[in-house]
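**Student:** The structure under discussion is supplied below as structure tokens; questions concerning it will follow.
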Amino acid sequence: MCAAKLVENVRQSFRSGVTKPIDWRIKQLNGIVKLVNENEQLLIQAVLRDIRKPKFETVLSELIVVKNEANHAINNIHQWVQPTYLSKYLHQGFDSIYLQKEPLGVTLIIGAWNYPILLVLAPLVGAIAAGNCAVLKPSEVSSTTSNAIAELLPKYLDQDCFPVWQGGIEETTEILDQKFDHIFYTGSSFVGKKVMAAAAKNLTPVTLELGGKSPAYIDKESNIDIVANRITWGKFINSGQTCTSCDYILCHEAVVDEFCKAVKKRILHCFGEDPKQSLDLSRIINDRNFSRIAKLMDDVPSSKLVVGGVRDPSERYIAPTVYRDISMDDTIMQGEIFGPLMPIISVSGHEEAIRIMNSGEKPLAMYVFSNNNKVVDDVLDNVSSGGTTVNDVLMQAAVPNVPFGGVGNSGMGSYHGKFGFNTFTHERPVVRRTQGMEMLVESRYPPYTDKNLSM
Ligand code: NAD
């Protein structure tokens with residue numbers, strides 16, 4: 001079926017009103033929970049095949065999160081759909097003034113490969129809860145998972161309302177040519193611009209979940225062992241192919257030696273003497289990304305290597321790698337790394353860290369580690385980012401009732417929990433009055449002669 005026909009069919013389904021009843025929405029949301037529960041092994045194997053993601057990470061960062069999102073929506077939907085009543089002036093005493101929660105209509109959800117289940121199904125929760133239809137476009141780069149989603153979804157969800165459209169650039173371009181009521185895109189800022197340009201042709205609103213270079217600042221007033229544990233986990237989970245990963249580290253010069261030692265020790269603890277043998281490290285998704293990251297490694301002088309630096313193209317394996325004494329001019333600092341390389345830049349204090357963080361585009365995430373609240377507040381007050389966790393990593397993305405999204409170049413709009421529902425909802429203002437009480441409005445009618453409107 002061509003894209004135009006597919007979207008037309010979905011639009012007919014939406015117009016039929018089938019998505020409106022709350023019970024129907026809950027049934028679909030339960031379908032997502034059931035899909036994940038009944039196909040846990042299949043989904044784990046699909047992601048393992050695509051990116052060799054450890055089972056633990058797939059369950060922790062994809063399956064559990066999707067189920068939490070769906071259950072949170074099931075538990076709260078009755079409250080979310082309620083109109084929001086607004087305050088009134090005295091002369092509106094007989095009116096009801098409220099925001100009606102209206103579904104947007106037919107939406108398009110385009111996912112990325114690095115969390116290939118989560119990035120399609122979590123936005124879908126918001127779309128369903130708000131009463132929309134959605135065409136799903138999983139990433140062709142994680143093709144096994146894309147096929148699994150295409151095969152499983154129709155068994156658990158209404159096929160007419162939630163079809164899966166598979167394919168690469170050509171197919172994505174074709175589907176983007178259609179008219180949607182909202183487009184929800186996750187991926188690079190580069191493609192995000194193409195999505196937004198395609199949406200502009202139909203004045204379609206977009207949510208863009210993009211990436212960027214997300215920094216972490218480590219202050220001297222920190223427990224360095226704990227910081228190293230947390231940053232090592234956040235950097236090397238999914239081998240650095242995480243949008244909220246700490247892309248680079250700004251470390252107070254007084255603790256940089258200690259931090260390098262602690263990270264090295266932690267990597268050894270987590271992944272052993274030869275991390276290639278560890279089952280807890282994903283591989284790089286494809287040869288294109290492998291070559292891109294390999295080139296970044298080749299451009300760093302060996303004198304700056306703290307640990308790692310090993311790679312094997314036959315497996316697309318790259319060891320967890322840490323570099324120190326990196327400067328902002330180095331190639332590794334020119335774009336998002338999206339791989340298991342951790343560049344460390346020494347700074348004289350948080351003021352210099354703030355200057356560096358503000359020299360680039362606004363990132364998706366920013367992390368600050370310090371036991372000094374003044375330092376933390378200074379950084380928070382002076383650096384913008386999509387989200388932040390203080391003294392830990394990634395947590396801002398893990399809670400269903402906290403909005404997740406970027407700012408500036410890292411994206412626009414947000415989702416998760418109620419915020420996902422809001423993203424796919426039009427809050428229509430309604431002023432509802434009776435046909436009575438005409439004397440209250442009579443004074444507004446012409447002729448205006450002899451009527452005095454004082455300001
Ligand atoms: P990707 O290659 O999977 O692309 C994402 C989607 O865009 C896919 O569905 C793909 O088919 C489509 N696409 C690719 N090229 C296209 C084109 N020319 N025209 C139309 N559609 C196209 O993923 P990626 O872009 O490599 O993802 C990595 C980036 O995504 C990183 O920057 C990362 O930080 C970001 N990301 C952000 C989030 C977030 O939630 N903010 C999550 C994951 C990844």
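Every chain in the structure tokens takes a letter, A first, then B, and so on in the order presented; its residues are numbered from 1, and the ligands are numbered from 1 following the presented order.
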Could you list, as a list of chain:residue names, every residue within 6 Å of region 347-351 of chain A, counting only C-alpha atoms and ignoring same-chain residues fewer than 5 positions away?

**Tutor:**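 Returned residues: A:Cys251, A:His252, A:Glu253.
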
**Student:** Can those selected residues be exported to a file as a PDB file, in the first residue's frame so that it contains C-alpha atoms?

**Tutor:**
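Below is the file that was written, result_18.pdb:
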```
ATOM      1  CA  CYS A 251      36.679  18.287  35.475  1.00  0.00           C
ATOM      2  CA  HIS A 252      38.066  20.625  38.106  1.00  0.00           C
ATOM      3  CA  GLU A 253      41.855  20.547  37.681  1.00  0.00           C
TER       4      GLU A 253
END
```

**Student:** Using DSSP on the backbone coordinates, identify all residues within region 101-341 of chain A classified as alpha helix (DSSP H); present the result as JSON, numbers by chain.

**Tutor:** {"A": [118, 119, 120, 121, 122, 123, 124, 125, 126, 127, 128, 129, 143, 144, 145, 146, 147, 148, 149, 150, 151, 152, 153, 154, 155, 156, 169, 170, 171, 172, 173, 174, 175, 176, 189, 190, 191, 192, 193, 194, 195, 196, 197, 198, 199, 200, 224, 225, 226, 227, 228, 229, 230, 231, 232, 233, 234, 235, 236, 256, 257, 258, 259, 260, 261, 262, 263, 264, 265, 266, 267, 268, 269, 270, 271, 287, 288, 289, 290, 291, 292, 293, 294, 295, 296, 297, 298]}

**Student:** Quick one: which chain A residues come within 7 Å of ligand 1, and what is the nearest atom pair for each with the distance in Å to one decimal, counting only C-alpha atoms and all ligand atoms, rows ordered by chain and ascending number, as a Markdown table?

**Tutor:**
```
| residue | atom | partner | partner_atom_place_in_ligand_line | distance |
| --- | --- | --- | --- | --- |
| A:Ile110 | CA | ligand 1 | 9 (O) | 5.0 |
| A:Gly111 | CA | ligand 1 | 9 (O) | 4.8 |
| A:Ala112 | CA | ligand 1 | 3 (O) | 3.5 |
| A:Trp113 | CA | ligand 1 | 3 (O) | 4.2 |
| A:Asn114 | CA | ligand 1 | 43 (C) | 5.9 |
| A:Tyr115 | CA | ligand 1 | 43 (C) | 6.6 |
| A:Leu119 | CA | ligand 1 | 42 (C) | 6.8 |
| A:Lys137 | CA | ligand 1 | 9 (O) | 5.8 |
| A:Pro138 | CA | ligand 1 | 9 (O) | 5.3 |
| A:Ser139 | CA | ligand 1 | 9 (O) | 3.7 |
| A:Glu140 | CA | ligand 1 | 11 (O) | 5.6 |
| A:Val141 | CA | ligand 1 | 3 (O) | 5.6 |
| A:Gly167 | CA | ligand 1 | 11 (O) | 6.5 |
| A:Gly168 | CA | ligand 1 | 11 (O) | 4.6 |
| A:Ile169 | CA | ligand 1 | 16 (C) | 4.6 |
| A:Thr172 | CA | ligand 1 | 21 (N) | 4.9 |
| A:Thr173 | CA | ligand 1 | 20 (C) | 5.1 |
| A:Thr186 | CA | ligand 1 | 38 (C) | 5.2 |
| A:Gly187 | CA | ligand 1 | 30 (O) | 3.1 |
| A:Ser188 | CA | ligand 1 | 29 (C) | 3.7 |
| A:Ser189 | CA | ligand 1 | 32 (O) | 6.2 |
| A:Val191 | CA | ligand 1 | 16 (C) | 5.4 |
| A:Lys194 | CA | ligand 1 | 19 (N) | 6.1 |
| A:Val195 | CA | ligand 1 | 20 (C) | 6.4 |
| A:Glu209 | CA | ligand 1 | 41 (N) | 3.7 |
| A:Leu210 | CA | ligand 1 | 41 (N) | 4.0 |
| A:Gly211 | CA | ligand 1 | 34 (O) | 3.1 |
| A:Gly212 | CA | ligand 1 | 34 (O) | 5.7 |
| A:Thr242 | CA | ligand 1 | 43 (C) | 6.2 |
| A:Cys243 | CA | ligand 1 | 34 (O) | 3.5 |
| A:Thr244 | CA | ligand 1 | 34 (O) | 6.9 |
| A:Glu336 | CA | ligand 1 | 32 (O) | 6.7 |
| A:Phe338 | CA | ligand 1 | 31 (C) | 6.7 |
| A:Leu364 | CA | ligand 1 | 41 (N) | 6.6 |
| A:Gly405 | CA | ligand 1 | 41 (N) | 6.1 |
| A:Gly406 | CA | ligand 1 | 41 (N) | 6.4 |
| A:Ser410 | CA | ligand 1 | 41 (N) | 6.9 |
| A:Gly411 | CA | ligand 1 | 41 (N) | 6.9 |
```

**Student:** Mind checking which residues fall within 10 Å of Lys67 (chain A), counting only C-alpha atoms, ignoring those fewer than 2 positions away in the same chain, and posting them as a ChimeraX atom specification?

**Tutor:** /A:29-30,32-37,62-65,69-73,118,121-122,125

**Student:** Of the residues A:Leu453, A:Leu136, A:Val322, A:Val81, which is the one nearest to Cys260 (chain A), using only C-alpha atoms?

**Tutor:** A:Val322

**Student:** Using only C-alpha atoms, which protein or nucleic acid residues come within 8 Å of region 55-58 of chain A? Drop anything in the same chain fewer than 4 positions from it, and give the result as a ChimeraX atom specification.

**Tutor:** /A:44,47-48,62-63,237-238

**Student:** Running DSSP on the backbone, which parts of region 195-431 of chain A land in strand (DSSP E or B), as a ChimeraX atom specification?

**Tutor:** /A:206-209,215-218,248-252,305-307,311-312,317-318,321-323,341-347,365-369,387-390,404,411-412,415,425-431

**Student:** How would the residues just chosen look if you wrote them out with N, CA and C atoms as a short mmCIF file (atom, residue, chain, number, x, y, z; two decimals), in the first residue's frame?

**Tutor:**
```cif
data_model
loop_
_atom_site.label_atom_id
_atom_site.label_comp_id
_atom_site.auth_asym_id
_atom_site.auth_seq_id
_atom_site.Cartn_x
_atom_site.Cartn_y
_atom_site.Cartn_z
N VAL A 206 5.33 19.93 15.24
CA VAL A 206 6.28 18.84 15.46
C VAL A 206 6.78 18.81 16.90
N THR A 207 7.10 17.61 17.33
CA THR A 207 7.92 17.44 18.52
C THR A 207 9.22 16.85 18.01
N LEU A 208 10.33 17.48 18.35
CA LEU A 208 11.63 16.99 17.88
C LEU A 208 12.47 16.59 19.08
N GLU A 209 12.76 15.31 19.18
CA GLU A 209 13.61 14.79 20.26
C GLU A 209 14.98 14.54 19.65
N PRO A 215 27.21 17.94 28.37
CA PRO A 215 28.40 17.94 29.23
C PRO A 215 28.10 17.48 30.66
N ALA A 216 29.17 17.11 31.38
CA ALA A 216 29.08 16.92 32.83
C ALA A 216 30.21 17.72 33.46
N TYR A 217 29.88 18.50 34.49
CA TYR A 217 30.93 19.21 35.22
C TYR A 217 31.16 18.51 36.55
N ILE A 218 32.43 18.25 36.85
CA ILE A 218 32.78 17.62 38.14
C ILE A 218 33.54 18.65 38.96
N TYR A 248 30.91 14.80 27.05
CA TYR A 248 32.28 15.17 27.47
C TYR A 248 32.27 15.62 28.93
N ILE A 249 33.45 15.55 29.55
CA ILE A 249 33.56 15.86 30.98
C ILE A 249 34.41 17.11 31.16
N LEU A 250 33.90 18.02 31.97
CA LEU A 250 34.68 19.17 32.39
C LEU A 250 35.02 18.92 33.85
N CYS A 251 36.30 18.71 34.13
CA CYS A 251 36.68 18.29 35.48
C CYS A 251 37.56 19.34 36.13
N HIS A 252 37.24 19.66 37.36
CA HIS A 252 38.07 20.62 38.11
C HIS A 252 39.49 20.10 38.14
N LEU A 305 45.63 9.30 26.02
CA LEU A 305 44.81 8.12 26.35
C LEU A 305 44.97 7.74 27.82
N VAL A 306 43.84 7.60 28.52
CA VAL A 306 43.88 7.16 29.92
C VAL A 306 43.64 5.65 29.97
N VAL A 307 42.66 5.20 29.22
CA VAL A 307 42.33 3.77 29.20
C VAL A 307 41.56 3.47 27.92
N ARG A 311 40.02 -1.27 19.36
CA ARG A 311 38.79 -1.49 18.60
C ARG A 311 38.97 -2.66 17.63
N ASP A 312 37.82 -3.20 17.20
CA ASP A 312 37.86 -4.33 16.25
C ASP A 312 36.70 -4.15 15.28
N TYR A 317 33.46 -3.46 17.57
CA TYR A 317 33.74 -3.29 19.01
C TYR A 317 34.65 -2.10 19.23
N ILE A 318 34.28 -1.27 20.18
CA ILE A 318 35.18 -0.21 20.64
C ILE A 318 35.23 -0.26 22.16
N THR A 321 36.68 4.04 26.33
CA THR A 321 37.93 4.78 26.12
C THR A 321 37.83 6.15 26.78
N VAL A 322 38.89 6.49 27.52
CA VAL A 322 38.92 7.78 28.20
C VAL A 322 40.17 8.55 27.74
N TYR A 323 39.96 9.83 27.40
CA TYR A 323 41.08 10.71 27.05
C TYR A 323 41.11 11.88 28.03
N LEU A 341 33.51 6.93 23.88
CA LEU A 341 34.71 7.75 24.09
C LEU A 341 34.39 8.85 25.09
N MET A 342 35.24 8.97 26.12
CA MET A 342 35.00 10.00 27.14
C MET A 342 36.16 11.00 27.15
N PRO A 343 35.98 12.16 26.52
CA PRO A 343 37.04 13.17 26.58
C PRO A 343 36.92 13.99 27.87
N ILE A 344 38.06 14.21 28.51
CA ILE A 344 38.06 15.01 29.75
C ILE A 344 38.85 16.29 29.50
N ILE A 345 38.21 17.39 29.85
CA ILE A 345 38.86 18.71 29.74
C ILE A 345 39.05 19.23 31.16
N SER A 346 40.26 19.64 31.49
CA SER A 346 40.50 20.21 32.84
C SER A 346 40.07 21.66 32.85
N VAL A 347 39.39 22.05 33.91
CA VAL A 347 38.99 23.46 34.03
C VAL A 347 39.38 23.99 35.40
N ALA A 365 21.07 17.26 27.57
CA ALA A 365 21.26 17.04 29.02
C ALA A 365 22.48 17.80 29.49
N MET A 366 22.51 18.06 30.80
CA MET A 366 23.70 18.66 31.41
C MET A 366 23.76 18.10 32.83
N TYR A 367 24.95 17.72 33.23
CA TYR A 367 25.11 17.13 34.55
C TYR A 367 26.10 17.95 35.36
N VAL A 368 25.80 18.10 36.64
CA VAL A 368 26.74 18.80 37.50
C VAL A 368 26.90 17.99 38.79
N PHE A 369 28.17 17.76 39.14
CA PHE A 369 28.48 16.98 40.33
C PHE A 369 29.20 17.89 41.31
N GLY A 387 17.29 18.92 29.86
CA GLY A 387 17.04 18.44 31.22
C GLY A 387 18.35 18.31 31.96
N THR A 388 18.26 18.08 33.26
CA THR A 388 19.47 18.02 34.10
C THR A 388 19.26 17.03 35.23
N THR A 389 20.30 16.31 35.57
CA THR A 389 20.32 15.61 36.85
C THR A 389 21.55 16.14 37.60
N VAL A 390 21.35 16.44 38.87
CA VAL A 390 22.46 16.90 39.69
C VAL A 390 22.99 15.70 40.47
N PHE A 404 10.34 14.99 29.32
CA PHE A 404 11.62 14.71 28.69
C PHE A 404 11.66 15.36 27.32
N GLY A 411 16.19 20.07 20.49
CA GLY A 411 14.81 19.66 20.24
C GLY A 411 13.77 20.64 20.73
N MET A 412 12.52 20.26 20.52
CA MET A 412 11.40 21.09 20.98
C MET A 412 10.24 20.19 21.36
N TYR A 415 7.79 14.83 26.25
CA TYR A 415 6.82 13.77 26.50
C TYR A 415 7.18 13.05 27.79
N THR A 425 -2.34 16.42 22.53
CA THR A 425 -3.67 16.94 22.85
C THR A 425 -3.78 18.40 22.42
N HIS A 426 -4.92 18.78 21.91
CA HIS A 426 -5.21 20.21 21.74
C HIS A 426 -6.10 20.63 22.90
N GLU A 427 -5.63 21.60 23.67
CA GLU A 427 -6.44 22.10 24.79
C GLU A 427 -7.32 23.21 24.24
N ARG A 428 -8.54 22.83 23.90
CA ARG A 428 -9.43 23.81 23.27
C ARG A 428 -10.16 24.65 24.33
N PRO A 429 -9.98 25.97 24.27
CA PRO A 429 -10.71 26.81 25.22
C PRO A 429 -12.20 26.84 24.86
N VAL A 430 -13.02 26.60 25.82
CA VAL A 430 -14.47 26.64 25.59
C VAL A 430 -15.08 27.63 26.58
N VAL A 431 -15.82 28.60 26.03
CA VAL A 431 -16.63 29.47 26.88
C VAL A 431 -18.07 29.02 26.66
#
```

**Student:** Applying 12 Å and only C-alpha atoms, which residues near Ile267 (chain A) remain after dropping the ones on its own chain fewer than 2 positions away? List them as a PDB file with C-alpha atoms, in the first residue's frame.

**Tutor:**
```
ATOM      1  CA  ASP A 225      34.751   7.512  43.490  1.00  0.00           C
ATOM      2  CA  ALA A 228      33.257   7.962  38.638  1.00  0.00           C
ATOM      3  CA  ASN A 229      30.806   5.087  39.275  1.00  0.00           C
ATOM      4  CA  ARG A 230      27.866   7.127  38.033  1.00  0.00           C
ATOM      5  CA  ILE A 231      29.563   8.750  35.051  1.00  0.00           C
ATOM      6  CA  THR A 232      31.113   5.464  33.898  1.00  0.00           C
ATOM      7  CA  TRP A 233      27.670   3.869  33.890  1.00  0.00           C
ATOM      8  CA  GLY A 234      26.006   6.811  32.132  1.00  0.00           C
ATOM      9  CA  LYS A 235      28.732   7.079  29.507  1.00  0.00           C
ATOM     10  CA  PHE A 236      29.135   3.433  28.571  1.00  0.00           C
ATOM     11  CA  ILE A 237      25.557   2.195  28.823  1.00  0.00           C
ATOM     12  CA  CYS A 260      41.012   9.586  35.756  1.00  0.00           C
ATOM     13  CA  LYS A 261      42.274   6.930  38.175  1.00  0.00           C
ATOM     14  CA  ALA A 262      38.790   6.287  39.541  1.00  0.00           C
ATOM     15  CA  VAL A 263      37.215   5.960  36.074  1.00  0.00           C
ATOM     16  CA  LYS A 264      39.943   3.557  34.977  1.00  0.00           C
ATOM     17  CA  LYS A 265      39.330   1.443  38.076  1.00  0.00           C
ATOM     18  CA  HIS A 269      35.394  -3.350  37.656  1.00  0.00           C
ATOM     19  CA  CYS A 270      32.454  -3.159  35.229  1.00  0.00           C
ATOM     20  CA  PHE A 271      33.941  -4.680  32.080  1.00  0.00           C
ATOM     21  CA  GLY A 272      37.050  -6.633  33.177  1.00  0.00           C
ATOM     22  CA  GLU A 273      40.625  -6.696  31.875  1.00  0.00           C
ATOM     23  CA  ASP A 274      39.460  -7.271  28.311  1.00  0.00           C
ATOM     24  CA  PRO A 275      36.139  -5.442  27.836  1.00  0.00           C
ATOM     25  CA  SER A 278      32.322  -8.611  28.510  1.00  0.00           C
ATOM     26  CA  ASP A 280      27.746  -6.033  29.178  1.00  0.00           C
ATOM     27  CA  LEU A 281      28.909  -3.820  26.316  1.00  0.00           C
ATOM     28  CA  VAL A 306      43.875   7.157  29.920  1.00  0.00           C
ATOM     29  CA  VAL A 307      42.335   3.768  29.199  1.00  0.00           C
ATOM     30  CA  GLY A 308      40.885   1.840  26.249  1.00  0.00           C
ATOM     31  CA  ALA A 319      36.591  -0.433  24.177  1.00  0.00           C
ATOM     32  CA  PRO A 320      35.388   2.051  26.782  1.00  0.00           C
ATOM     33  CA  THR A 321      37.929   4.784  26.119  1.00  0.00           C
ATOM     34  CA  VAL A 322      38.925   7.785  28.202  1.00  0.00           C
ATOM     35  CA  PRO A 340      32.139   4.924  24.037  1.00  0.00           C
ATOM     36  CA  MET A 342      34.999  10.000  27.139  1.00  0.00           C
TER      37      MET A 342
END
```

**Student:** Can you tell me how far CA of Pro313 (chain A) sits from CA of Asn147 (chain A), in Å to one decimal?

**Tutor:**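 If I compute the distance from CA of Pro313 (chain A) to CA of Asn147 (chain A), I get 25.5 Å.
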
**Student:** So, with only C-alpha atoms as the atoms that count, which of A:Ala148, A:Ala127, A:Leu203, A:Leu268 lies closest to Gln166 (chain A)?

**Tutor:**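 Using only C-alpha atoms, Gln166 (chain A) sits closest to A:Ala148.
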
**Student:** Got a sec: who's within 7 Å of region 2-11 of chain A, counting only C-alpha atoms, leaving out chain neighbours fewer than 4 positions off, as a VMD selection string?

**Tutor:** chain A and resid 15 106 133 160 to 161 174 to 175 178

**Student:** Using N, CA and C atoms, can you export the residues from the last selection as a tab-separated table (two decimals), in the first residue's frame?

**Tutor:**
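The resulting result-v1.tsv:
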```tsv
chain	number	residue	atom	x	y	z
A	15	ARG	N	-11.69	9.48	11.99
A	15	ARG	CA	-12.97	10.20	11.83
A	15	ARG	C	-14.13	9.37	12.32
A	106	VAL	N	-4.48	12.40	13.33
A	106	VAL	CA	-3.60	11.35	12.79
A	106	VAL	C	-2.15	11.83	12.95
A	133	CYS	N	-4.83	8.60	16.43
A	133	CYS	CA	-4.28	7.50	15.65
A	133	CYS	C	-2.80	7.82	15.44
A	160	ASP	N	-6.01	-0.69	12.28
A	160	ASP	CA	-6.47	0.42	11.43
A	160	ASP	C	-6.03	1.78	12.00
A	161	CYS	N	-5.79	1.79	13.30
A	161	CYS	CA	-5.42	3.07	13.94
A	161	CYS	C	-3.92	3.22	14.14
A	174	GLU	N	8.65	9.58	1.87
A	174	GLU	CA	7.31	9.38	1.30
A	174	GLU	C	6.23	9.59	2.38
A	175	ILE	N	6.47	9.04	3.54
A	175	ILE	CA	5.44	9.17	4.59
A	175	ILE	C	5.39	10.63	5.09
A	178	GLN	N	3.00	13.15	3.48
A	178	GLN	CA	1.56	13.11	3.76
A	178	GLN	C	1.20	14.15	4.81
```

**Student:** Between CA of Ile109 (chain A) and CA of Ala200 (chain A), what is the spacing in Å?

**Tutor:**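 Going from CA of Ala200 (chain A) over to CA of Ile109 (chain A), I get 16.2 Å.
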
**Student:** Could you name the residues that touch region 291-300 of chain A at 8 Å or less, counting only C-alpha atoms, but leaving out those on the same chain fewer than 6 positions away, as number ranges by chain?

**Tutor:** A: 309, 311, 330-332, 337, 339

**Student:** Using only C-alpha atoms, can you tell me which of A:Leu108, A:Ile74, A:Val441, A:Ile51 comes closest to Ser239 (chain A)?

**Tutor:**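 Once distances to Ser239 (chain A) are computed over only C-alpha atoms, the minimum belongs to A:Ile51.
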